[in-house]
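S.K.: Okay, so here is model01.csv, and as you'll see once you scroll down, it has CSV, C-alpha atoms and all ligand atoms.
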chain,number,residue,atom,x,y,z
A,1,MET,CA,30.8,-6.2,11.6
A,2,GLU,CA,31.1,-6.8,7.9
A,3,ALA,CA,28.5,-5.5,5.4
A,4,VAL,CA,26.7,-8.4,3.7
A,5,VAL,CA,24.8,-6.0,1.3
A,6,GLU,CA,26.3,-2.9,0.0
A,7,ALA,CA,24.7,-0.7,-2.6
A,8,THR,CA,26.1,2.7,-3.7
A,9,ASP,CA,24.2,5.2,-5.8
A,10,LEU,CA,22.2,2.7,-7.8
A,11,GLU,CA,20.3,4.2,-10.7
A,12,LYS,CA,17.9,2.5,-13.0
A,13,ALA,CA,15.4,3.8,-15.5
A,14,TYR,CA,12.9,2.0,-17.7
A,15,GLY,CA,12.5,4.4,-20.6
A,16,GLU,CA,11.2,7.7,-19.1
A,17,THR,CA,10.4,6.1,-15.8
A,18,VAL,CA,13.1,6.4,-13.1
A,19,ALA,CA,12.9,3.5,-10.8
A,20,LEU,CA,16.1,4.1,-8.8
A,21,SER,CA,17.7,7.5,-8.5
A,22,GLY,CA,20.8,7.0,-6.4
A,23,ALA,CA,19.8,4.3,-3.9
A,24,SER,CA,22.5,3.5,-1.3
A,25,LEU,CA,22.3,1.1,1.6
A,26,SER,CA,24.4,-1.1,3.7
A,27,VAL,CA,23.2,-4.2,5.6
A,28,GLN,CA,25.4,-5.8,8.2
A,29,GLY,CA,25.7,-9.6,8.8
A,30,GLY,CA,22.8,-11.0,10.9
A,31,GLU,CA,20.7,-7.8,10.5
A,32,VAL,CA,17.1,-7.7,9.5
A,33,PHE,CA,16.7,-4.7,7.2
A,34,GLY,CA,13.1,-3.6,6.4
A,35,LEU,CA,12.5,-1.7,3.2
A,36,ILE,CA,9.4,0.4,3.2
A,37,GLY,CA,7.9,2.9,0.7
A,38,PRO,CA,4.9,3.7,-1.4
A,39,ASN,CA,4.0,1.7,-4.5
A,40,GLY,CA,6.3,2.6,-7.4
A,41,ALA,CA,9.1,3.9,-5.0
A,42,GLY,CA,11.5,1.3,-6.5
A,43,LYS,CA,11.6,-1.4,-3.8
A,44,THR,CA,11.3,-4.3,-6.2
A,45,THR,CA,13.8,-2.8,-8.6
A,46,LEU,CA,16.2,-2.4,-5.7
A,47,VAL,CA,15.7,-6.0,-4.6
A,48,ARG,CA,16.2,-7.1,-8.2
A,49,ALA,CA,19.4,-5.1,-8.6
A,50,LEU,CA,20.7,-6.6,-5.4
A,51,THR,CA,19.9,-10.1,-6.4
A,52,GLY,CA,21.2,-10.0,-9.9
A,53,THR,CA,18.0,-10.1,-11.8
A,54,THR,CA,18.3,-6.6,-13.2
A,55,ASP,CA,21.3,-4.6,-14.2
A,56,PRO,CA,21.5,-1.1,-12.7
A,57,ASP,CA,22.4,1.7,-15.2
A,58,SER,CA,25.0,3.0,-12.8
A,59,GLY,CA,26.2,2.5,-9.2
A,60,THR,CA,27.5,-0.6,-7.6
A,61,ALA,CA,25.9,-3.4,-5.7
A,62,ARG,CA,27.7,-6.2,-3.8
A,63,ILE,CA,26.3,-9.0,-1.7
A,64,LEU,CA,28.2,-11.5,0.3
A,65,ASP,CA,31.4,-9.9,-0.9
A,66,ASP,CA,30.6,-10.6,-4.5
A,67,SER,CA,28.7,-9.1,-7.4
A,68,PRO,CA,25.0,-10.1,-7.4
A,69,THR,CA,25.3,-12.0,-10.7
A,70,ALA,CA,28.3,-14.0,-9.6
A,71,VAL,CA,27.4,-14.7,-6.0
A,72,ASP,CA,27.3,-18.4,-4.9
A,73,ARG,CA,23.5,-19.2,-5.3
A,74,ASP,CA,23.8,-21.8,-2.5
A,75,ARG,CA,24.2,-18.9,-0.1
A,76,LEU,CA,21.4,-16.7,-1.3
A,77,GLY,CA,17.6,-17.1,-0.9
A,78,VAL,CA,15.2,-14.9,-2.8
A,79,LEU,CA,11.4,-14.7,-2.6
A,80,PRO,CA,10.2,-12.4,-5.5
A,81,GLN,CA,7.0,-10.5,-5.2
A,82,GLU,CA,5.5,-12.3,-8.1
A,83,PHE,CA,6.2,-16.0,-7.8
A,84,SER,CA,3.9,-18.7,-9.2
A,85,PRO,CA,5.1,-22.3,-9.0
A,86,PRO,CA,3.3,-25.0,-10.9
A,87,GLY,CA,-0.2,-25.6,-9.5
A,88,ARG,CA,-0.4,-29.4,-9.7
A,89,LEU,CA,2.5,-30.2,-7.4
A,90,SER,CA,2.0,-30.7,-3.7
A,91,ALA,CA,3.6,-28.3,-1.2
A,92,ARG,CA,6.1,-31.1,-0.3
A,93,GLU,CA,6.8,-31.9,-4.0
A,94,LEU,CA,7.5,-28.2,-4.7
A,95,LEU,CA,9.9,-27.9,-1.8
A,96,SER,CA,11.6,-31.1,-2.9
A,97,TYR,CA,11.9,-29.8,-6.4
A,98,TYR,CA,13.5,-26.5,-5.3
A,99,ALA,CA,15.7,-28.4,-2.8
A,100,GLY,CA,17.0,-30.4,-5.8
A,101,LEU,CA,18.4,-27.3,-7.3
A,102,TYR,CA,21.1,-27.0,-4.6
A,103,ASP,CA,24.1,-29.1,-3.6
A,104,ASP,CA,23.4,-29.4,0.0
A,105,PRO,CA,19.7,-28.6,0.6
A,106,ARG,CA,17.7,-28.9,3.8
A,107,ASP,CA,15.1,-31.6,4.3
A,108,PRO,CA,11.9,-30.4,2.6
A,109,ASP,CA,9.8,-31.8,5.5
A,110,ALA,CA,11.7,-29.6,8.0
A,111,VAL,CA,11.1,-26.6,5.8
A,112,LEU,CA,7.4,-27.5,5.6
A,113,ALA,CA,7.3,-27.5,9.4
A,114,ASP,CA,9.1,-24.2,9.5
A,115,VAL,CA,6.4,-22.5,7.4
A,116,GLY,CA,3.6,-24.2,9.4
A,117,LEU,CA,2.4,-26.4,6.6
A,118,VAL,CA,2.9,-30.0,7.8
A,119,ASP,CA,-0.8,-30.8,7.5
A,120,ALA,CA,-1.0,-29.3,4.0
A,121,GLY,CA,2.1,-31.1,2.6
A,122,ASP,CA,0.2,-33.4,0.3
A,123,THR,CA,-2.2,-30.7,-1.0
A,124,TRP,CA,-1.7,-29.5,-4.6
A,125,TYR,CA,-0.3,-25.9,-4.6
A,126,GLU,CA,-3.4,-24.7,-6.6
A,127,ASP,CA,-5.7,-26.1,-3.8
A,128,LEU,CA,-4.0,-24.2,-1.0
A,129,SER,CA,-5.3,-21.0,0.3
A,130,GLY,CA,-3.6,-17.8,-0.8
A,131,GLY,CA,-1.8,-17.5,2.5
A,132,GLN,CA,-0.7,-21.1,2.5
A,133,GLN,CA,0.6,-20.6,-1.1
A,134,ARG,CA,2.7,-17.6,0.0
A,135,ARG,CA,4.1,-19.7,2.9
A,136,VAL,CA,5.2,-22.4,0.4
A,137,CYS,CA,6.9,-19.7,-1.6
A,138,VAL,CA,8.6,-18.4,1.6
A,139,GLY,CA,9.7,-22.0,2.2
A,140,SER,CA,11.1,-22.3,-1.3
A,141,ALA,CA,13.5,-19.5,-0.5
A,142,LEU,CA,14.8,-21.4,2.5
A,143,VAL,CA,15.5,-24.8,1.1
A,144,ASN,CA,19.2,-24.0,0.6
A,145,ASP,CA,19.6,-22.6,4.2
A,146,PRO,CA,20.8,-19.2,2.8
A,147,ASP,CA,23.2,-16.9,4.6
A,148,LEU,CA,21.4,-13.9,3.0
A,149,LEU,CA,17.6,-13.9,2.4
A,150,PHE,CA,15.6,-11.4,0.3
A,151,LEU,CA,11.9,-11.4,0.9
A,152,ASP,CA,9.8,-9.1,-1.3
A,153,GLU,CA,6.5,-8.7,0.6
A,154,PRO,CA,6.6,-12.1,2.3
A,155,THR,CA,3.3,-11.7,4.2
A,156,THR,CA,1.1,-10.0,1.6
A,157,GLY,CA,-2.2,-11.9,1.4
A,158,ILE,CA,-1.5,-14.0,4.4
A,159,ASP,CA,-4.0,-14.1,7.3
A,160,PRO,CA,-2.9,-12.9,10.8
A,161,ALA,CA,-2.1,-16.3,12.1
A,162,GLY,CA,-0.1,-17.3,9.0
A,163,ARG,CA,1.7,-13.9,9.2
A,164,ARG,CA,2.7,-14.6,12.8
A,165,THR,CA,4.2,-18.0,11.7
A,166,VAL,CA,6.2,-16.2,9.0
A,167,TRP,CA,7.3,-13.5,11.6
A,168,ARG,CA,8.5,-16.1,14.0
A,169,LEU,CA,10.3,-17.9,11.3
A,170,ILE,CA,12.1,-14.7,10.3
A,171,GLU,CA,13.0,-14.0,13.9
A,172,ASP,CA,14.4,-17.5,14.3
A,173,LEU,CA,16.4,-17.2,11.1
A,174,ALA,CA,17.8,-13.8,12.3
A,175,ALA,CA,18.6,-15.3,15.7
A,176,GLY,CA,20.5,-18.0,13.8
A,177,GLY,CA,22.6,-15.4,12.0
A,178,THR,CA,20.8,-15.2,8.6
A,179,THR,CA,20.9,-11.7,7.2
A,180,VAL,CA,17.4,-10.7,6.0
A,181,VAL,CA,16.3,-7.9,3.7
A,182,LEU,CA,12.5,-7.7,3.5
A,183,THR,CA,10.1,-5.3,1.8
A,184,THR,CA,6.7,-4.7,3.3
A,185,HIS,CA,3.7,-2.4,3.3
A,186,ASP,CA,2.9,-3.5,6.8
A,187,MET,CA,4.4,-1.0,9.3
A,188,ALA,CA,3.8,-3.3,12.3
A,189,GLU,CA,5.8,-6.0,10.5
A,190,ALA,CA,8.7,-3.6,9.8
A,191,GLU,CA,8.6,-2.3,13.4
A,192,ARG,CA,8.5,-5.8,14.9
A,193,LEU,CA,11.1,-7.5,12.7
A,194,ALA,CA,13.5,-4.9,11.4
A,195,ASP,CA,16.7,-3.9,13.3
A,196,ARG,CA,16.9,-1.1,10.8
A,197,VAL,CA,14.3,0.3,8.4
A,198,GLY,CA,15.0,2.1,5.1
A,199,LEU,CA,12.3,4.3,3.6
A,200,LEU,CA,12.5,4.3,-0.2
A,201,ALA,CA,10.7,7.2,-1.9
A,202,ASP,CA,11.1,8.3,-5.5
A,203,GLY,CA,14.0,5.9,-6.1
A,204,SER,CA,16.2,6.7,-3.2
A,205,LEU,CA,16.5,6.0,0.5
A,206,VAL,CA,15.2,9.2,2.2
A,207,ALA,CA,15.7,7.8,5.8
A,208,GLN,CA,17.4,4.8,7.4
A,209,GLY,CA,17.8,3.7,10.9
A,210,PRO,CA,16.3,1.7,13.8
A,211,PRO,CA,12.5,2.0,13.8
A,212,GLU,CA,12.6,3.7,17.2
A,213,ARG,CA,15.0,6.3,16.0
A,214,LEU,CA,13.1,7.1,12.9
A,215,VAL,CA,9.9,7.5,15.0
A,216,ARG,CA,11.8,9.8,17.4
A,217,ASP,CA,13.2,11.9,14.5
A,218,HIS,CA,10.3,12.0,12.1
A,219,GLY,CA,7.2,10.6,13.8
A,220,GLY,CA,6.0,13.9,15.4
A,221,SER,CA,4.4,14.0,18.8
A,222,SER,CA,1.6,12.1,20.6
A,223,ARG,CA,-1.9,12.9,19.5
A,224,LEU,CA,-5.5,12.7,20.6
A,225,THR,CA,-8.0,12.1,17.7
A,226,VAL,CA,-11.5,13.4,18.4
A,227,GLU,CA,-14.1,12.0,16.0
A,228,THR,CA,-16.4,14.9,15.5
A,229,ALA,CA,-18.3,16.8,12.9
A,230,ALA,CA,-17.3,20.1,14.6
A,231,ASP,CA,-15.0,22.6,13.0
A,232,PRO,CA,-11.4,23.2,14.2
A,233,ALA,CA,-12.5,26.7,15.3
A,234,ALA,CA,-14.5,25.0,18.1
A,235,PHE,CA,-11.1,23.9,19.5
A,236,ALA,CA,-9.5,27.4,19.2
A,237,ASP,CA,-9.3,28.1,23.0
A,238,LEU,CA,-7.6,24.8,23.8
A,239,GLU,CA,-4.0,25.2,24.8
A,240,TYR,CA,-2.8,22.6,22.3
A,241,PRO,CA,-2.2,22.8,18.6
A,242,VAL,CA,-5.1,21.2,16.6
A,243,ASP,CA,-5.5,20.3,13.0
A,244,ARG,CA,-7.1,17.7,10.7
A,245,PRO,CA,-5.7,14.1,10.6
A,246,GLU,CA,-3.2,13.4,7.9
A,247,ARG,CA,-4.2,11.7,4.7
A,248,GLY,CA,-4.1,8.0,5.3
A,249,ARG,CA,-4.9,8.5,9.0
A,250,ARG,CA,-8.5,9.3,8.4
A,251,ARG,CA,-10.8,6.6,9.7
A,252,SER,CA,-14.2,8.2,10.1
A,253,THR,CA,-16.3,9.7,7.4
A,254,ASP,CA,-17.8,12.3,9.7
A,255,GLY,CA,-14.5,14.1,10.2
A,256,ALA,CA,-12.1,14.3,13.0
A,257,ILE,CA,-9.8,16.8,14.8
A,258,VAL,CA,-6.3,16.0,16.0
A,259,VAL,CA,-5.0,17.5,19.2
A,260,ARG,CA,-1.2,17.4,19.2
A,261,ASP,CA,1.6,17.3,21.7
A,262,ILE,CA,-0.8,16.0,24.4
A,263,GLU,CA,0.1,13.5,27.1
A,264,PRO,CA,-2.5,10.9,28.3
A,265,ALA,CA,-2.8,12.6,31.7
A,266,ALA,CA,-4.2,15.7,29.9
A,267,ILE,CA,-7.0,14.0,28.0
A,268,GLY,CA,-9.4,15.0,30.8
A,269,THR,CA,-8.8,18.7,30.1
A,270,VAL,CA,-10.0,18.1,26.5
A,271,VAL,CA,-13.0,16.2,27.6
A,272,ASP,CA,-14.0,19.0,30.1
A,273,TYR,CA,-13.4,21.6,27.4
A,274,LEU,CA,-15.6,19.8,24.9
A,275,GLU,CA,-18.4,19.3,27.4
A,276,ALA,CA,-18.3,22.9,28.6
A,277,ARG,CA,-18.8,24.0,25.0
A,278,ASP,CA,-21.4,21.3,24.0
A,279,VAL,CA,-19.1,20.0,21.3
A,280,GLU,CA,-20.4,16.6,20.2
A,281,TYR,CA,-18.0,13.8,19.5
A,282,THR,CA,-18.3,10.0,19.0
A,283,GLN,CA,-14.9,8.8,20.0
A,284,LEU,CA,-11.5,9.9,21.5
A,285,SER,CA,-8.3,7.9,20.8
A,286,TRP,CA,-4.8,8.7,22.0
A,287,ALA,CA,-1.7,7.4,20.2
A,288,GLU,CA,2.0,7.7,20.4
A,289,PRO,CA,3.7,8.3,17.0
A,290,ASP,CA,4.8,5.1,15.3
A,291,LEU,CA,6.4,4.0,12.0
A,292,GLU,CA,3.2,4.7,10.1
A,293,ASP,CA,3.6,8.4,11.0
A,294,VAL,CA,7.2,8.4,9.8
A,295,TYR,CA,6.0,6.8,6.6
A,296,LEU,CA,3.2,9.3,6.0
A,297,GLU,CA,5.4,12.2,6.9
A,298,LEU,CA,8.4,11.3,4.7
A,299,ALA,CA,6.5,9.7,1.8
A,300,ASP,CA,4.2,12.7,1.6
A,301,ALA,CA,7.1,15.1,1.7
A,302,THR,CA,8.9,13.3,-1.1
A,303,GLU,CA,5.7,13.2,-3.2
A,304,GLN,CA,5.1,16.9,-2.6
A,305,ALA,CA,8.7,17.7,-3.7
A,306,ARG,CA,8.2,15.6,-6.8
A,307,THR,CA,5.0,17.4,-7.6
A,308,ASP,CA,6.6,20.8,-7.1
A,309,ARG,CA,9.5,19.7,-9.3
A,310,LEU,CA,7.2,18.5,-12.1
A,311,GLU,CA,5.2,21.6,-12.0
A,312,SER,CA,8.2,23.8,-12.3
A,313,ASP,CA,9.4,21.7,-15.3
A,314,ASP,CA,7.3,21.7,-18.4
A,315,GLY,CA,4.1,20.8,-16.6
A,316,GLY,CA,3.1,18.0,-19.0
A,317,ALA,CA,5.9,15.5,-18.4
A,318,GLY,CA,5.3,12.8,-15.8
A,319,GLU,CA,1.6,13.4,-15.5
A,320,SER,CA,0.8,9.7,-15.9
A,321,ASP,CA,3.2,8.9,-13.1
A,322,LEU,CA,1.6,11.4,-10.8
A,323,ALA,CA,-1.8,10.0,-11.6
A,324,ARG,CA,-0.5,6.6,-10.8
A,325,ALA,CA,1.0,7.8,-7.5
A,326,GLY,CA,-2.4,9.4,-6.7
A,327,GLU,CA,-4.2,6.1,-7.3
A,328,THR,CA,-1.9,4.0,-5.2
A,329,ALA,CA,-1.7,6.5,-2.2
A,401,LIG,P1,7.8,-0.8,-5.8
A,401,LIG,O1,8.3,-2.2,-5.7
A,401,LIG,O2,8.3,0.1,-4.8
A,401,LIG,O3,6.4,-0.7,-6.0
A,401,LIG,P2,9.1,-0.9,-8.5
A,401,LIG,O4,10.5,-1.1,-8.3
A,401,LIG,O5,8.2,-2.1,-8.8
A,401,LIG,O6,8.5,-0.2,-7.2
A,401,LIG,O7,8.8,0.2,-9.6
A,401,LIG,C1,9.5,1.5,-9.6
A,401,LIG,C2,9.1,2.2,-10.9
A,401,LIG,O8,9.7,1.5,-12.0
A,401,LIG,C3,7.6,2.2,-11.2
A,401,LIG,O9,7.3,3.4,-11.8
A,401,LIG,C4,7.4,1.0,-12.1
A,401,LIG,O10,6.3,1.2,-12.9
A,401,LIG,C5,8.7,1.0,-12.9
A,401,LIG,N1,9.0,-0.3,-13.4
A,401,LIG,C6,9.4,-1.3,-12.6
A,401,LIG,N2,9.8,-2.4,-13.3
A,401,LIG,C7,9.6,-2.0,-14.6
A,401,LIG,C8,9.8,-2.7,-15.9
A,401,LIG,N3,10.2,-4.0,-15.9
A,401,LIG,N4,9.5,-2.0,-17.0
A,401,LIG,C9,9.0,-0.8,-16.9
A,401,LIG,N5,8.8,-0.1,-15.8
A,401,LIG,C10,9.1,-0.7,-14.6
Kindly return the structure encoded in the file as structure tokens.
M.R.:
Amino acid sequence: MEAVVEATDLEKAYGETVALSGASLSVQGGEVFGLIGPNGAGKTTLVRALTGTTDPDSGTARILDDSPTAVDRDRLGVLPQEFSPPGRLSARELLSYYAGLYDDPRDPDAVLADVGLVDAGDTWYEDLSGGQQRRVCVGSALVNDPDLLFLDEPTTGIDPAGRRTVWRLIEDLAAGGTTVVLTTHDMAEAERLADRVGLLADGSLVAQGPPERLVRDHGGSSRLTVETAADPAAFADLEYPVDRPERGRRRSTDGAIVVRDIEPAAIGTVVDYLEARDVEYTQLSWAEPDLEDVYLELADATEQARTDRLESDDGGAGESDLARAGETA
């Protein structure tokens, strides 16, 4: 199948800040490609380079067999992360306005139905809820019935029901042959929608593949989380490896211990062990690895490599960037 999006070694810096450091990816026709990665990883810059709204410093990008700046706009749909249409137009008026920019647009009412906003069609944009507004924005990227659709965080700020409407819409578009590239912070969204996921960290794609393969290769093993104030030493005689939960996986404030490589059938052994030793705990939860584990593992590893690199440099440079990464983690 032919590649609809092809990026090779894209680099882009804003002054001292490196946004892309050799990003390469290829998306086939009809595929849904999910781009994930921490804040500041370069996702938006990559989408902008692929849609012709920023020029990379080096590397090549081609979409629909053309350069991103020359591509036929009738074939391309783009939902930027920051998009604020005029507030005093109704949802229907807005979609009609955007439809008017194309030669052969879809019927705005059909698009309203697609994004689940028929009842809100006459409401001013500024009076819609945040989630409804985002759905109008998604609709505005669909009015030209694009062959290739870029969605930068399409469901951020949308409630769970609205999110499902957008998910179904993306699934329908994909089933109809539209190629979709979407960025998201929602691992469930990436796992559900994406045929392949690319993890962007520190400006390049550190892993790409079908979600299930990434989970198999990088997700680690199944685990049992024991919510307990006890010390890991209390688990020392258990025949499984134990440690603390990863950063980002911590739910309780009282502390927790993670028992690794354990199948559900063996949970009873742990319960017996804890009871025999009077170790108090408030909850046990077992989980298979998922895309969030992949994300935590690879994004953490990249961040660590970056910290090591900066420390072995002159020590001072990049400190503000690190502080920023710390804040957003
Ligand atoms: P993401 O979308 O993954 O959060 P971005 O592509 O927005 O990442 O940003 C990557 C890096 O480039 C960040 O450090 C960000 O601050 C910087 N950056 C992005 N756009 C600009 C810009 N227009 N001017 C200066 N720095 C920018």
S.K.: If I take atom CA of Ile36 of chain A and atom CA of Tyr295 of chain A, how far is one from the other in Å, to one decimal?
M.R.: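 Going from atom CA of Ile36 of chain A over to atom CA of Tyr295 of chain A covers 8.0 Å.
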S.K.: At what distance in Å, to one decimal, does atom CA of Ser26 of chain A lie from atom CA of Val115 of chain A?
M.R.: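 So the two atoms, atom CA of Val115 of chain A and atom CA of Ser26 of chain A, lie 28.2 Å apart.
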S.K.: Residues within 10 Å of ligand LIG 401 (chain A) (only C-alpha atoms and all ligand atoms), as JSON, numbers by chain?
M.R.: {"A": [12, 13, 14, 15, 16, 17, 18, 19, 20, 35, 36, 37, 38, 39, 40, 41, 42, 43, 44, 45, 46, 47, 48, 49, 54, 81, 152, 153, 183, 184, 185, 200, 201, 202, 203, 320, 321, 322, 324, 325, 328]}
S.K.: Pick out the residues sitting within 9 Å of Ala234 of chain A, and hand them over as a PyMOL selection string; count all atoms listed in the file, and ignore anything fewer than 5 positions along from it in its own chain.
M.R.: chain A and resi 274+277+279
S.K.: Take atom CA of Trp167 of chain A and atom CA of Pro154 of chain A and report the distance between them in Å, one decimal.
M.R.: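 Atom-to-atom, atom CA of Trp167 of chain A to atom CA of Pro154 of chain A, that is 9.4 Å.
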S.K.: At a cut-off of 12 Å, using only C-alpha atoms, what residues contact Pro211 of chain A? Leave out same-chain residues fewer than 4 positions from it and give the result as number ranges by chain.
M.R.: A: 32-36, 187-199, 207, 215-219, 289-295
S.K.: Let me make sure I understand: among A:Thr178, A:Thr123, A:Ser204, A:Thr156, which one has the smallest atom-to-atom distance to Ser24 of chain A if we use all atoms listed in the file?
M.R.: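 Nearest to Ser24 of chain A: A:Ser204.
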S.K.: Leu112 of chain A: which residues within 12 Å, counting all atoms listed in the file, same-chain residues fewer than 6 positions away excluded, as a list in words?
M.R.: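 Residues near the query, excluding close chain neighbours: Ser90, Ala91, Arg92, Glu93, Leu94, Leu95, Ser96, Ala99, Arg106, Val118, Asp119, Ala120, Gly121, Asp122, Gln132, Gln133, Arg135, Val136, Cys137, Val138, Gly139, Ser140, Ala141, Leu142, Val143, Thr165, Val166 and Leu169 of chain A.
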S.K.: Let me make sure I understand: among A:Ala174, A:Ala229, A:Leu79, A:Leu25, which one has the smallest atom-to-atom distance to Asp9 of chain A if we use only C-alpha atoms?
M.R.: A:Leu25
S.K.: (24.6, -7.6, 9.7) in this file's frame - what residues fall within 8 Å of it? Use only C-alpha atoms and give the answer as a PDB file with C-alpha atoms, in the coordinates of the input.
M.R.:
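selection.pdb written:
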ATOM      1  CA  MET A   1      30.800  -6.200  11.600  1.00  0.00           C
ATOM      2  CA  GLU A   2      31.100  -6.800   7.900  1.00  0.00           C
ATOM      3  CA  ALA A   3      28.500  -5.500   5.400  1.00  0.00           C
ATOM      4  CA  VAL A   4      26.700  -8.400   3.700  1.00  0.00           C
ATOM      5  CA  VAL A  27      23.200  -4.200   5.600  1.00  0.00           C
ATOM      6  CA  GLN A  28      25.400  -5.800   8.200  1.00  0.00           C
ATOM      7  CA  GLY A  29      25.700  -9.600   8.800  1.00  0.00           C
ATOM      8  CA  GLY A  30      22.800 -11.000  10.900  1.00  0.00           C
ATOM      9  CA  GLU A  31      20.700  -7.800  10.500  1.00  0.00           C
ATOM     10  CA  VAL A  32      17.100  -7.700   9.500  1.00  0.00           C
ATOM     11  CA  THR A 179      20.900 -11.700   7.200  1.00  0.00           C
TER      12      THR A 179
END
S.K.: With all atoms listed in the file as the atoms that count, which of A:Leu298, A:Ala230, A:Phe235, A:Ile158 lies nearest to Leu214 of chain A?
M.R.: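 For Leu214 of chain A, the nearest of the given residues is A:Leu298.
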S.K.: Give me the residues within 12 Å of Ala266 of chain A as JSON, numbers by chain, counting all atoms listed in the file and dropping any in the same chain fewer than 3 places off.
M.R.: {"A": [222, 223, 224, 238, 239, 240, 259, 260, 261, 262, 263, 269, 270, 271, 272, 273, 286]}
S.K.: Choose the residue, out of A:Asp72, A:Ile257, A:Glu11, A:Ser84, that has the smallest atom-to-atom separation from Ala236 of chain A; count only C-alpha atoms.
M.R.: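 For Ala236 of chain A, the nearest of the candidates is A:Ile257.
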S.K.: Quick one: everything within 8 Å of Pro245 of chain A, counting all atoms listed in the file, minus sequence neighbours fewer than 5 positions away in the same chain. Send it as a list in words.
M.R.: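 Those residues are Thr225, Arg250, Ala256, Ile257 and Val258 of chain A.
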S.K.: Write segment 282-287 of chain A as a PDB file, keeping the file's coordinate frame, completed to all heavy atoms.
M.R.:
ATOM      1  N   THR A 282     -17.921  11.450  18.858  1.00  0.00           N
ATOM      2  CA  THR A 282     -18.300  10.000  19.000  1.00  0.00           C
ATOM      3  C   THR A 282     -17.199   9.200  19.614  1.00  0.00           C
ATOM      4  O   THR A 282     -17.470   8.154  20.177  1.00  0.00           O
ATOM      5  CB  THR A 282     -18.652   9.427  17.608  1.00  0.00           C
ATOM      6  OG1 THR A 282     -17.576   9.711  16.711  1.00  0.00           O
ATOM      7  CG2 THR A 282     -19.937  10.010  17.059  1.00  0.00           C
ATOM      8  N   GLN A 283     -15.955   9.655  19.508  1.00  0.00           N
ATOM      9  CA  GLN A 283     -14.900   8.800  20.000  1.00  0.00           C
ATOM     10  C   GLN A 283     -13.613   9.665  20.245  1.00  0.00           C
ATOM     11  O   GLN A 283     -13.385  10.639  19.529  1.00  0.00           O
ATOM     12  CB  GLN A 283     -14.547   7.738  19.025  1.00  0.00           C
ATOM     13  CG  GLN A 283     -13.819   6.553  19.620  1.00  0.00           C
ATOM     14  CD  GLN A 283     -13.421   5.565  18.542  1.00  0.00           C
ATOM     15  OE1 GLN A 283     -14.192   5.256  17.641  1.00  0.00           O
ATOM     16  NE2 GLN A 283     -12.212   5.068  18.629  1.00  0.00           N
ATOM     17  N   LEU A 284     -12.839   9.257  21.253  1.00  0.00           N
ATOM     18  CA  LEU A 284     -11.500   9.900  21.500  1.00  0.00           C
ATOM     19  C   LEU A 284     -10.502   8.751  21.419  1.00  0.00           C
ATOM     20  O   LEU A 284     -10.711   7.693  22.009  1.00  0.00           O
ATOM     21  CB  LEU A 284     -11.445  10.467  22.883  1.00  0.00           C
ATOM     22  CG  LEU A 284     -12.305  11.678  23.232  1.00  0.00           C
ATOM     23  CD1 LEU A 284     -12.090  12.036  24.702  1.00  0.00           C
ATOM     24  CD2 LEU A 284     -11.944  12.853  22.347  1.00  0.00           C
ATOM     25  N   SER A 285      -9.404   8.949  20.717  1.00  0.00           N
ATOM     26  CA  SER A 285      -8.300   7.900  20.800  1.00  0.00           C
ATOM     27  C   SER A 285      -6.981   8.615  20.840  1.00  0.00           C
ATOM     28  O   SER A 285      -6.703   9.521  20.057  1.00  0.00           O
ATOM     29  CB  SER A 285      -8.439   6.961  19.623  1.00  0.00           C
ATOM     30  OG  SER A 285      -8.550   7.673  18.420  1.00  0.00           O
ATOM     31  N   TRP A 286      -6.164   8.148  21.770  1.00  0.00           N
ATOM     32  CA  TRP A 286      -4.800   8.700  22.000  1.00  0.00           C
ATOM     33  C   TRP A 286      -3.800   7.788  21.392  1.00  0.00           C
ATOM     34  O   TRP A 286      -3.934   6.565  21.504  1.00  0.00           O
ATOM     35  CB  TRP A 286      -4.588   8.943  23.468  1.00  0.00           C
ATOM     36  CG  TRP A 286      -3.268   9.601  23.734  1.00  0.00           C
ATOM     37  CD1 TRP A 286      -3.014  10.927  23.741  1.00  0.00           C
ATOM     38  CD2 TRP A 286      -2.029   8.946  24.020  1.00  0.00           C
ATOM     39  NE1 TRP A 286      -1.690  11.165  23.997  1.00  0.00           N
ATOM     40  CE2 TRP A 286      -1.054   9.960  24.176  1.00  0.00           C
ATOM     41  CE3 TRP A 286      -1.631   7.612  24.149  1.00  0.00           C
ATOM     42  CZ2 TRP A 286       0.279   9.693  24.466  1.00  0.00           C
ATOM     43  CZ3 TRP A 286      -0.308   7.334  24.424  1.00  0.00           C
ATOM     44  CH2 TRP A 286       0.638   8.372  24.590  1.00  0.00           C
ATOM     45  N   ALA A 287      -2.792   8.314  20.768  1.00  0.00           N
ATOM     46  CA  ALA A 287      -1.700   7.400  20.200  1.00  0.00           C
ATOM     47  C   ALA A 287      -0.386   8.105  20.261  1.00  0.00           C
ATOM     48  O   ALA A 287      -0.262   9.318  20.073  1.00  0.00           O
ATOM     49  CB  ALA A 287      -2.077   7.059  18.780  1.00  0.00           C
TER      50      ALA A 287
END
